[in-house]
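Asks: Sharing model-v4.cif here; it has mmCIF, C-alpha atoms.
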data_protein
loop_
_atom_site.group_PDB
_atom_site.id
_atom_site.type_symbol
_atom_site.label_atom_id
_atom_site.label_comp_id
_atom_site.auth_asym_id
_atom_site.auth_seq_id
_atom_site.Cartn_x
_atom_site.Cartn_y
_atom_site.Cartn_z
ATOM 1 C CA MET A 1 22.270 9.145 71.930
ATOM 2 C CA SER A 2 20.731 5.859 70.866
ATOM 3 C CA ARG A 3 17.032 5.192 71.301
ATOM 4 C CA ALA A 4 15.600 2.068 72.876
ATOM 5 C CA GLN A 5 14.135 -0.216 70.252
ATOM 6 C CA THR A 6 10.519 -1.283 70.654
ATOM 7 C CA LYS A 7 8.841 -4.276 69.123
ATOM 8 C CA SER A 8 6.472 -3.777 66.215
ATOM 9 C CA HIS A 9 3.732 -5.911 64.774
ATOM 10 C CA PRO A 10 4.601 -8.114 61.764
ATOM 11 C CA THR A 11 3.386 -7.103 58.328
ATOM 12 C CA GLU A 12 2.332 -10.717 57.696
ATOM 13 C CA PRO A 13 0.685 -12.930 60.335
ATOM 14 C CA VAL A 14 3.002 -15.368 62.077
ATOM 15 C CA HIS A 15 1.314 -18.735 62.179
ATOM 16 C CA LEU A 16 1.607 -22.492 62.239
ATOM 17 C CA LYS A 17 -0.527 -25.145 60.635
ATOM 18 C CA ALA A 18 -1.406 -28.329 62.505
ATOM 19 C CA GLY A 19 -1.828 -31.736 60.919
ATOM 20 C CA ASN A 20 -5.608 -31.664 61.416
ATOM 21 C CA GLY A 21 -5.971 -28.461 59.408
ATOM 22 C CA SER A 22 -6.153 -26.094 62.372
ATOM 23 C CA THR A 23 -4.253 -22.810 62.226
ATOM 24 C CA VAL A 24 -2.671 -20.853 65.068
ATOM 25 C CA TYR A 25 -1.798 -17.162 64.716
ATOM 26 C CA THR A 26 0.772 -16.029 67.253
ATOM 27 C CA ASP A 27 1.514 -12.498 65.978
ATOM 28 C CA TYR A 28 -0.374 -10.233 63.587
ATOM 29 C CA ASP A 29 -1.355 -6.635 62.943
ATOM 30 C CA PRO A 30 -4.129 -5.902 65.480
ATOM 31 C CA LEU A 31 -5.621 -3.349 63.097
ATOM 32 C CA ASN A 32 -5.847 -6.027 60.415
ATOM 33 C CA PRO A 33 -6.114 -9.445 62.089
ATOM 34 C CA PRO A 34 -6.393 -12.612 60.010
ATOM 35 C CA PRO A 35 -9.923 -12.973 58.631
ATOM 36 C CA HIS A 36 -12.206 -15.579 60.131
ATOM 37 C CA PRO A 37 -12.022 -18.701 57.913
ATOM 38 C CA GLY A 38 -15.802 -18.825 57.681
ATOM 39 C CA PRO A 39 -18.615 -21.301 58.353
ATOM 40 C CA GLY A 40 -17.437 -24.681 59.499
ATOM 41 C CA TYR A 41 -14.677 -23.224 61.690
ATOM 42 C CA THR A 42 -14.631 -22.042 65.279
ATOM 43 C CA ARG A 43 -12.214 -19.257 66.169
ATOM 44 C CA PHE A 44 -10.754 -19.443 69.679
ATOM 45 C CA VAL A 45 -8.978 -16.371 71.071
ATOM 46 C CA CYS A 46 -6.597 -17.277 73.907
ATOM 47 C CA LEU A 47 -5.458 -15.047 76.778
ATOM 48 C CA SER A 48 -3.521 -15.696 79.963
ATOM 49 C CA ASP A 49 -1.630 -13.831 82.668
ATOM 50 C CA THR A 50 -3.189 -10.468 81.972
ATOM 51 C CA HIS A 51 -2.824 -9.372 85.636
ATOM 52 C CA SER A 52 -5.578 -6.719 85.409
ATOM 53 C CA ALA A 53 -4.122 -5.124 82.276
ATOM 54 C CA THR A 54 -6.564 -4.351 79.475
ATOM 55 C CA PHE A 55 -5.894 -4.172 75.749
ATOM 56 C CA ASP A 56 -7.514 -4.747 72.378
ATOM 57 C CA VAL A 57 -8.599 -8.325 71.714
ATOM 58 C CA PRO A 58 -9.485 -9.608 68.232
ATOM 59 C CA ASP A 59 -13.003 -10.828 67.591
ATOM 60 C CA GLY A 60 -13.722 -14.527 67.591
ATOM 61 C CA ASP A 61 -16.254 -17.156 68.546
ATOM 62 C CA VAL A 62 -14.794 -18.262 71.889
ATOM 63 C CA LEU A 63 -12.628 -16.337 74.360
ATOM 64 C CA LEU A 64 -10.424 -18.455 76.629
ATOM 65 C CA HIS A 65 -8.490 -17.055 79.606
ATOM 66 C CA SER A 66 -6.039 -19.383 81.363
ATOM 67 C CA GLY A 67 -5.695 -17.558 84.658
ATOM 68 C CA ASP A 68 -3.814 -14.863 86.536
ATOM 69 C CA LEU A 69 -6.695 -12.510 86.007
ATOM 70 C CA THR A 70 -5.168 -10.157 88.599
ATOM 71 C CA GLN A 71 -1.973 -9.216 90.403
ATOM 72 C CA LEU A 72 -2.977 -10.377 93.877
ATOM 73 C CA GLY A 73 -6.697 -10.946 93.610
ATOM 74 C CA SER A 74 -8.106 -7.772 95.161
ATOM 75 C CA TYR A 75 -11.708 -6.861 94.431
ATOM 76 C CA ASP A 76 -10.678 -3.728 92.523
ATOM 77 C CA GLU A 77 -8.210 -5.677 90.377
ATOM 78 C CA LEU A 78 -10.691 -8.389 89.552
ATOM 79 C CA GLU A 79 -13.437 -5.867 88.837
ATOM 80 C CA VAL A 80 -11.235 -4.224 86.185
ATOM 81 C CA THR A 81 -10.632 -7.575 84.497
ATOM 82 C CA MET A 82 -14.249 -8.738 84.632
ATOM 83 C CA GLU A 83 -15.599 -5.454 83.266
ATOM 84 C CA TRP A 84 -13.052 -5.649 80.436
ATOM 85 C CA LEU A 85 -13.998 -9.232 79.598
ATOM 86 C CA GLU A 86 -17.698 -8.421 79.833
ATOM 87 C CA GLN A 87 -17.505 -5.772 77.119
ATOM 88 C CA LEU A 88 -15.730 -8.068 74.645
ATOM 89 C CA THR A 89 -18.029 -9.350 71.898
ATOM 90 C CA HIS A 90 -17.159 -13.065 71.833
ATOM 91 C CA PRO A 91 -20.357 -15.157 72.110
ATOM 92 C CA VAL A 92 -18.682 -17.606 74.505
ATOM 93 C CA LYS A 93 -16.193 -16.595 77.236
ATOM 94 C CA ILE A 94 -14.553 -19.131 79.537
ATOM 95 C CA ILE A 95 -12.039 -18.278 82.255
ATOM 96 C CA ILE A 96 -10.050 -19.947 85.039
ATOM 97 C CA ALA A 97 -7.916 -18.643 87.898
ATOM 98 C CA GLY A 98 -4.156 -18.767 88.389
ATOM 99 C CA ASN A 99 -1.671 -18.575 91.230
ATOM 100 C CA HIS A 100 -1.998 -14.774 91.489
ATOM 101 C CA ASP A 101 -5.774 -14.884 91.983
ATOM 102 C CA LEU A 102 -5.344 -15.529 95.679
ATOM 103 C CA PRO A 103 -8.863 -15.313 97.179
ATOM 104 C CA LEU A 104 -10.271 -17.726 94.592
ATOM 105 C CA ASP A 105 -8.326 -20.553 96.240
ATOM 106 C CA ASN A 106 -9.856 -21.604 99.502
ATOM 107 C CA ASP A 107 -9.211 -25.320 99.076
ATOM 108 C CA ASP A 108 -8.776 -26.641 102.622
ATOM 109 C CA GLY A 109 -8.958 -23.020 103.818
ATOM 110 C CA TRP A 110 -5.820 -22.001 101.910
ATOM 111 C CA TYR A 111 -6.711 -18.312 101.535
ATOM 112 C CA ASP A 112 -8.033 -17.967 105.074
ATOM 113 C CA ASN A 113 -4.718 -19.320 106.333
ATOM 114 C CA ASN A 114 -2.392 -17.485 103.945
ATOM 115 C CA TRP A 115 -3.846 -14.076 103.016
ATOM 116 C CA HIS A 116 -1.690 -12.274 105.585
ATOM 117 C CA ARG A 117 1.505 -13.321 103.741
ATOM 118 C CA PHE A 118 0.493 -11.218 100.738
ATOM 119 C CA SER A 119 -1.210 -8.249 102.395
ATOM 120 C CA ARG A 120 0.245 -5.119 103.972
ATOM 121 C CA ARG A 121 -3.137 -4.103 105.332
ATOM 122 C CA ARG A 122 -4.023 -4.689 108.978
ATOM 123 C CA ASN A 123 -7.388 -6.248 108.188
ATOM 124 C CA SER A 124 -9.277 -8.494 110.537
ATOM 125 C CA ASP A 125 -9.916 -12.096 109.578
ATOM 126 C CA LYS A 126 -13.629 -11.269 109.449
ATOM 127 C CA GLN A 127 -13.126 -8.422 106.968
ATOM 128 C CA VAL A 128 -10.809 -10.534 104.813
ATOM 129 C CA GLY A 129 -13.398 -13.295 104.736
ATOM 130 C CA GLN A 130 -16.116 -10.867 103.656
ATOM 131 C CA ASP A 131 -13.896 -9.455 100.904
ATOM 132 C CA ALA A 132 -13.015 -12.952 99.663
ATOM 133 C CA ALA A 133 -16.693 -13.884 99.441
ATOM 134 C CA ARG A 134 -17.407 -10.791 97.304
ATOM 135 C CA ILE A 135 -14.440 -11.575 95.072
ATOM 136 C CA ARG A 136 -15.520 -15.170 94.541
ATOM 137 C CA GLN A 137 -19.000 -13.988 93.692
ATOM 138 C CA LEU A 138 -17.632 -11.529 91.139
ATOM 139 C CA VAL A 139 -16.187 -14.237 88.868
ATOM 140 C CA SER A 140 -19.507 -16.056 88.657
ATOM 141 C CA GLU A 141 -22.116 -13.303 88.577
ATOM 142 C CA ILE A 142 -21.489 -11.703 85.162
ATOM 143 C CA PRO A 143 -23.761 -13.139 82.459
ATOM 144 C CA GLY A 144 -21.921 -14.572 79.480
ATOM 145 C CA ILE A 145 -18.694 -15.401 81.367
ATOM 146 C CA VAL A 146 -18.188 -18.989 82.514
ATOM 147 C CA TYR A 147 -15.756 -19.486 85.400
ATOM 148 C CA LEU A 148 -14.402 -23.024 85.772
ATOM 149 C CA GLN A 149 -12.577 -24.364 88.796
ATOM 150 C CA ASP A 150 -11.996 -28.108 88.393
ATOM 151 C CA GLN A 151 -15.171 -28.234 86.313
ATOM 152 C CA GLN A 152 -16.342 -29.340 82.880
ATOM 153 C CA HIS A 153 -18.613 -27.302 80.618
ATOM 154 C CA THR A 154 -20.286 -27.821 77.243
ATOM 155 C CA PHE A 155 -21.237 -25.113 74.770
ATOM 156 C CA ARG A 156 -22.285 -24.369 71.216
ATOM 157 C CA VAL A 157 -21.189 -21.239 69.390
ATOM 158 C CA ARG A 158 -24.202 -21.251 67.114
ATOM 159 C CA GLU A 159 -27.581 -22.970 67.110
ATOM 160 C CA GLY A 160 -27.273 -26.430 65.612
ATOM 161 C CA GLY A 161 -23.472 -26.178 65.632
ATOM 162 C CA ARG A 162 -20.929 -28.483 67.188
ATOM 163 C CA GLU A 163 -21.143 -29.132 70.895
ATOM 164 C CA TRP A 164 -17.712 -28.493 72.402
ATOM 165 C CA THR A 165 -16.500 -29.786 75.755
ATOM 166 C CA VAL A 166 -14.060 -27.863 77.943
ATOM 167 C CA TYR A 167 -12.458 -28.425 81.349
ATOM 168 C CA GLY A 168 -10.764 -25.791 83.498
ATOM 169 C CA SER A 169 -8.099 -26.360 86.157
ATOM 170 C CA PRO A 170 -6.275 -23.478 87.907
ATOM 171 C CA TRP A 171 -3.553 -25.650 89.477
ATOM 172 C CA GLN A 172 0.199 -25.732 88.901
ATOM 173 C CA PRO A 173 3.299 -27.234 90.598
ATOM 174 C CA TRP A 174 4.351 -25.741 93.924
ATOM 175 C CA PHE A 175 5.981 -22.302 93.771
ATOM 176 C CA TYR A 176 6.474 -20.754 97.211
ATOM 177 C CA ASP A 177 2.937 -21.707 98.239
ATOM 178 C CA TRP A 178 0.972 -19.309 96.074
ATOM 179 C CA ALA A 179 -2.645 -20.031 95.171
ATOM 180 C CA PHE A 180 -3.557 -23.348 93.551
ATOM 181 C CA ASN A 181 -0.116 -24.883 94.123
ATOM 182 C CA TYR A 182 0.380 -28.611 94.521
ATOM 183 C CA THR A 183 3.355 -30.632 95.655
ATOM 184 C CA GLU A 184 4.846 -33.492 93.672
ATOM 185 C CA ASP A 185 3.043 -35.935 95.955
ATOM 186 C CA GLU A 186 -0.302 -34.205 95.311
ATOM 187 C CA ALA A 187 0.133 -33.835 91.553
ATOM 188 C CA GLN A 188 -1.384 -37.123 90.423
ATOM 189 C CA ASP A 189 -4.533 -36.619 92.463
ATOM 190 C CA ILE A 190 -5.025 -33.139 90.997
ATOM 191 C CA VAL A 191 -4.399 -33.944 87.325
ATOM 192 C CA SER A 192 -6.320 -37.227 87.398
ATOM 193 C CA ARG A 193 -9.513 -35.166 87.729
ATOM 194 C CA ILE A 194 -9.070 -33.934 84.142
ATOM 195 C CA PRO A 195 -11.413 -35.820 81.788
ATOM 196 C CA GLU A 196 -11.127 -36.291 78.030
ATOM 197 C CA VAL A 197 -12.486 -33.075 76.496
ATOM 198 C CA ASP A 198 -12.097 -31.043 73.303
ATOM 199 C CA ILE A 199 -10.583 -27.995 75.027
ATOM 200 C CA LEU A 200 -8.431 -27.978 78.152
ATOM 201 C CA LEU A 201 -7.577 -24.887 80.189
ATOM 202 C CA THR A 202 -4.905 -25.173 82.849
ATOM 203 C CA HIS A 203 -2.900 -22.381 84.390
ATOM 204 C CA GLY A 204 0.379 -24.260 84.313
ATOM 205 C CA PRO A 205 1.919 -26.095 81.326
ATOM 206 C CA PRO A 206 2.760 -29.768 80.960
ATOM 207 C CA HIS A 207 6.397 -30.667 81.423
ATOM 208 C CA ASN A 208 8.712 -29.823 78.524
ATOM 209 C CA LEU A 209 6.000 -28.110 76.480
ATOM 210 C CA LEU A 210 6.302 -24.318 76.348
ATOM 211 C CA ASP A 211 7.465 -24.365 79.971
ATOM 212 C CA CYS A 212 11.067 -23.182 79.800
ATOM 213 C CA ALA A 213 11.687 -20.558 82.471
ATOM 214 C CA ILE A 214 14.647 -18.270 83.075
ATOM 215 C CA GLY A 215 17.756 -20.394 83.446
ATOM 216 C CA ASP A 216 16.576 -22.870 80.789
ATOM 217 C CA LYS A 217 14.725 -24.888 83.394
ATOM 218 C CA HIS A 218 11.606 -26.799 82.363
ATOM 219 C CA VAL A 219 9.104 -26.174 85.138
ATOM 220 C CA GLY A 220 5.929 -27.719 83.715
ATOM 221 C CA CYS A 221 4.165 -30.614 85.391
ATOM 222 C CA PRO A 222 5.358 -34.167 84.548
ATOM 223 C CA ALA A 223 2.187 -35.672 86.032
ATOM 224 C CA LEU A 224 0.027 -33.533 83.743
ATOM 225 C CA LEU A 225 2.019 -34.591 80.687
ATOM 226 C CA SER A 226 1.783 -38.242 81.685
ATOM 227 C CA HIS A 227 -1.968 -38.007 82.338
ATOM 228 C CA LEU A 228 -2.660 -36.433 78.941
ATOM 229 C CA SER A 229 -0.469 -38.997 77.193
ATOM 230 C CA ARG A 230 -2.586 -41.846 78.547
ATOM 231 C CA MET A 231 -5.804 -40.465 77.110
ATOM 232 C CA GLN A 232 -7.387 -42.327 74.215
ATOM 233 C CA LYS A 233 -8.578 -38.956 72.912
ATOM 234 C CA PRO A 234 -6.447 -36.084 74.241
ATOM 235 C CA PRO A 235 -7.650 -32.477 73.796
ATOM 236 C CA LEU A 236 -7.641 -30.778 70.415
ATOM 237 C CA LEU A 237 -6.530 -27.567 72.131
ATOM 238 C CA HIS A 238 -4.718 -27.099 75.443
ATOM 239 C CA CYS A 239 -4.346 -23.478 76.570
ATOM 240 C CA PHE A 240 -2.226 -22.410 79.534
ATOM 241 C CA GLY A 241 0.171 -19.678 80.648
ATOM 242 C CA HIS A 242 2.022 -19.095 83.942
ATOM 243 C CA ILE A 243 5.517 -19.124 82.372
ATOM 244 C CA HIS A 244 5.518 -15.731 80.681
ATOM 245 C CA GLU A 245 8.845 -16.180 78.897
ATOM 246 C CA ALA A 246 7.677 -19.419 77.237
ATOM 247 C CA ARG A 247 4.792 -17.859 75.302
ATOM 248 C CA GLY A 248 4.238 -19.649 72.013
ATOM 249 C CA ALA A 249 2.356 -22.422 70.249
ATOM 250 C CA LEU A 250 3.125 -25.829 68.803
ATOM 251 C CA ALA A 251 1.367 -28.925 67.512
ATOM 252 C CA HIS A 252 2.222 -31.800 69.828
ATOM 253 C CA VAL A 253 1.897 -35.314 68.441
ATOM 254 C CA TRP A 254 1.457 -38.025 71.027
ATOM 255 C CA GLU A 255 2.766 -41.539 70.607
ATOM 256 C CA SER A 256 0.672 -43.733 68.326
ATOM 257 C CA SER A 257 -0.916 -45.471 71.313
ATOM 258 C CA PRO A 258 -1.430 -44.259 74.876
ATOM 259 C CA ILE A 259 1.425 -45.133 77.226
ATOM 260 C CA ALA A 260 1.981 -44.687 80.922
ATOM 261 C CA SER A 261 5.543 -43.445 81.109
ATOM 262 C CA ASP A 262 6.608 -39.836 81.406
ATOM 263 C CA GLU A 263 8.299 -40.154 78.014
ATOM 264 C CA SER A 264 4.885 -39.680 76.551
ATOM 265 C CA GLY A 265 5.155 -37.702 73.396
ATOM 266 C CA ARG A 266 7.306 -35.886 70.917
ATOM 267 C CA GLU A 267 7.254 -32.450 69.411
ATOM 268 C CA GLN A 268 6.956 -32.218 65.669
ATOM 269 C CA PRO A 269 9.480 -29.873 64.038
ATOM 270 C CA ILE A 270 6.981 -27.094 63.446
ATOM 271 C CA GLN A 271 8.350 -23.587 63.505
ATOM 272 C CA GLU A 272 6.479 -20.334 63.711
ATOM 273 C CA VAL A 273 7.040 -18.730 60.319
ATOM 274 C CA SER A 274 6.023 -15.519 58.651
ATOM 275 C CA GLY A 275 4.036 -15.556 55.449
ATOM 276 C CA SER A 276 4.332 -19.275 54.849
ATOM 277 C CA GLU A 277 3.021 -22.534 56.217
ATOM 278 C CA ALA A 278 4.682 -25.301 58.141
ATOM 279 C CA GLY A 279 2.785 -28.460 58.917
ATOM 280 C CA LEU A 280 2.331 -32.159 59.181
ATOM 281 C CA SER A 281 1.035 -34.569 56.571
ATOM 282 C CA ALA A 282 -2.587 -35.503 57.134
ATOM 283 C CA ARG A 283 -2.797 -38.840 58.879
ATOM 284 C CA ASP A 284 -4.515 -40.518 61.745
ATOM 285 C CA ILE A 285 -2.619 -39.108 64.710
ATOM 286 C CA ARG A 286 -3.320 -37.998 68.240
ATOM 287 C CA GLU A 287 -2.456 -34.338 68.176
ATOM 288 C CA THR A 288 -2.951 -31.437 70.559
ATOM 289 C CA ILE A 289 -2.408 -27.782 69.782
ATOM 290 C CA MET A 290 -0.467 -26.449 72.766
ATOM 291 C CA VAL A 291 -0.774 -22.709 73.415
ATOM 292 C CA ASN A 292 1.096 -20.778 76.097
ATOM 293 C CA ALA A 293 -0.955 -17.606 75.809
ATOM 294 C CA ALA A 294 0.802 -15.486 78.476
ATOM 295 C CA ASN A 295 0.229 -11.817 77.627
ATOM 296 C CA THR A 296 2.410 -10.151 80.260
ATOM 297 C CA PRO A 297 6.040 -9.692 79.151
ATOM 298 C CA LEU A 298 9.080 -9.999 81.373
ATOM 299 C CA LYS A 299 10.585 -6.777 80.057
ATOM 300 C CA ARG A 300 8.981 -3.690 81.532
ATOM 301 C CA SER A 301 9.602 -1.879 78.255
ATOM 302 C CA ASP A 302 7.251 -4.294 76.475
ATOM 303 C CA ILE A 303 3.489 -3.926 76.596
ATOM 304 C CA CYS A 304 1.036 -6.439 77.972
ATOM 305 C CA GLY A 305 -0.948 -7.668 74.986
ATOM 306 C CA GLY A 306 1.377 -5.779 72.626
ATOM 307 C CA PRO A 307 3.777 -7.027 69.917
ATOM 308 C CA GLY A 308 5.109 -10.438 70.824
ATOM 309 C CA HIS A 309 2.510 -10.791 73.597
ATOM 310 C CA GLN A 310 -0.776 -10.649 71.711
ATOM 311 C CA PRO A 311 -3.807 -12.838 72.196
ATOM 312 C CA MET A 312 -3.354 -16.096 70.279
ATOM 313 C CA ILE A 313 -5.882 -16.966 67.580
ATOM 314 C CA VAL A 314 -6.705 -20.635 66.943
ATOM 315 C CA ASP A 315 -9.012 -21.670 64.078
ATOM 316 C CA ILE A 316 -10.325 -25.243 64.323
ATOM 317 C CA LEU A 317 -12.582 -27.047 61.875
ATOM 318 C CA ASP A 318 -15.841 -27.982 63.556
ATOM 319 C CA SER A 319 -15.598 -31.415 61.977
ATOM 320 C CA THR A 320 -12.180 -32.157 63.551
ATOM 321 C CA GLN A 321 -12.326 -35.205 65.776
ATOM 322 C CA ARG A 322 -10.112 -36.072 68.717
#
Let me see whether you can do it: turn the structure in this file into structure tokens.

Replies:
Amino acid sequence: MSRAQTKSHPTEPVHLKAGNGSTVYTDYDPLNPPPHPGPGYTRFVCLSDTHSATFDVPDGDVLLHSGDLTQLGSYDELEVTMEWLEQLTHPVKIIIAGNHDLPLDNDDGWYDNNWHRFSRRRNSDKQVGQDAARIRQLVSEIPGIVYLQDQQHTFRVREGGREWTVYGSPWQPWFYDWAFNYTEDEAQDIVSRIPEVDILLTHGPPHNLLDCAIGDKHVGCPALLSHLSRMQKPPLLHCFGHIHEARGALAHVWESSPIASDESGREQPIQEVSGSEAGLSARDIRETIMVNAANTPLKRSDICGGPGHQPMIVDILDSTQR
């Protein structure tokens, strides 16, 4: 009788090197993670789509979570996630919501009007409203965790260190009217809110960048890609999730000057390799490290946060300019 094979951690870290000197680690031994590169670098640890699962997370300077904190946004589910995040040792922790975090979306009364589609309980509207208020309070009441919903934030990891800017957006293209969905007609209005920042958190990916779903269909947002391409100084790091099967990282080089068309960039031929480096020659380019940090696997036999689904580690030089 044959035994089911399970994934194992690599003996050497799997990583890519970006043109600006940044390094992304996609897979590694959690008992022996890559060492911090030292002073002058900031280590970002990226999570997404944890859905109330908890697992070991490597140390770092900044923890980023790109949404789907829960399965359906119940208080108990969110409490598990927030208590887990609270006990992690990262000096800075920044989170956003995703389409599964239902009560956090009450834009134009969305949750008040839609909660019954996702609930089997015969709750009154009054009780649901009270529960939603407690849930929304939970994401903002824990010291040391910054919750962003269409908001910008600045932070320093250490006194006198670089001031980083970050923006968080929980939205993604329409998918059966879950939380934070927008239609094609609404897309431009939503993504145009995103300013030029060092770090961008969105729940959904840009079109054609780590967005390939089952059936080889690219489901990322064209309007988001176009908006980023027009920036004079696009983000150094863009973290997202949502499409679990597209987990990965790449260095995306934008065209030499901002353009308005959807054909707004090109992927450099960087592959994730084990024990060696792959990279771009140093030159004056507009480059964004794209990270789909989804931790939940499609296969039930795989483990959330386990081999092939670990938190991503991104080391960026503090002196790197957009």

Asks: Neighbouring residues of A:Tyr111 were defined as those with any atom within 12 Å, considering all atoms listed in the file; residues of the same chain fewer than 3 positions away were excluded. Please report them as JSON, numbers by chain.

Replies: {"A": [72, 73, 99, 100, 101, 102, 103, 104, 105, 106, 107, 108, 114, 115, 116, 117, 118, 119, 125, 128, 129, 131, 132, 133, 136, 177, 178, 179, 180, 181]}

Asks: Need to verify the contact set: stretch 157-169 of chain A, 9 Å, only C-alpha atoms, exclusion of same-chain residues closer than 5 positions in sequence. Can you return it as JSON, numbers by chain?

Replies: {"A": [40, 42, 61, 62, 66, 91, 92, 94, 95, 96, 97, 98, 147, 148, 149, 150, 151, 152, 190, 191, 194, 195, 196, 197, 198, 199, 200, 201, 202, 203, 204, 235, 318, 319]}

Asks: Expand the PyMOL selection byres ((chain A and resi 288) around 8) into the explicit residue set it covers here, and present it as a ChimeraX atom specification.

Replies: /A:234-238,251-254,286-287,289-290

Asks: Point out the residue among A:Pro297, A:Gly306, A:Pro37, A:Gly248 with the least atom-to-atom distance to A:Leu16, counting all atoms listed in the file.

Replies: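 With all atoms listed in the file as the atom set, the closest residue is A:Gly248.
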
Asks: Counting all atoms listed in the file, which of A:Thr50, A:Thr320, A:Phe240, A:His218 gets nearest to A:Trp84?

Replies: A:Thr50
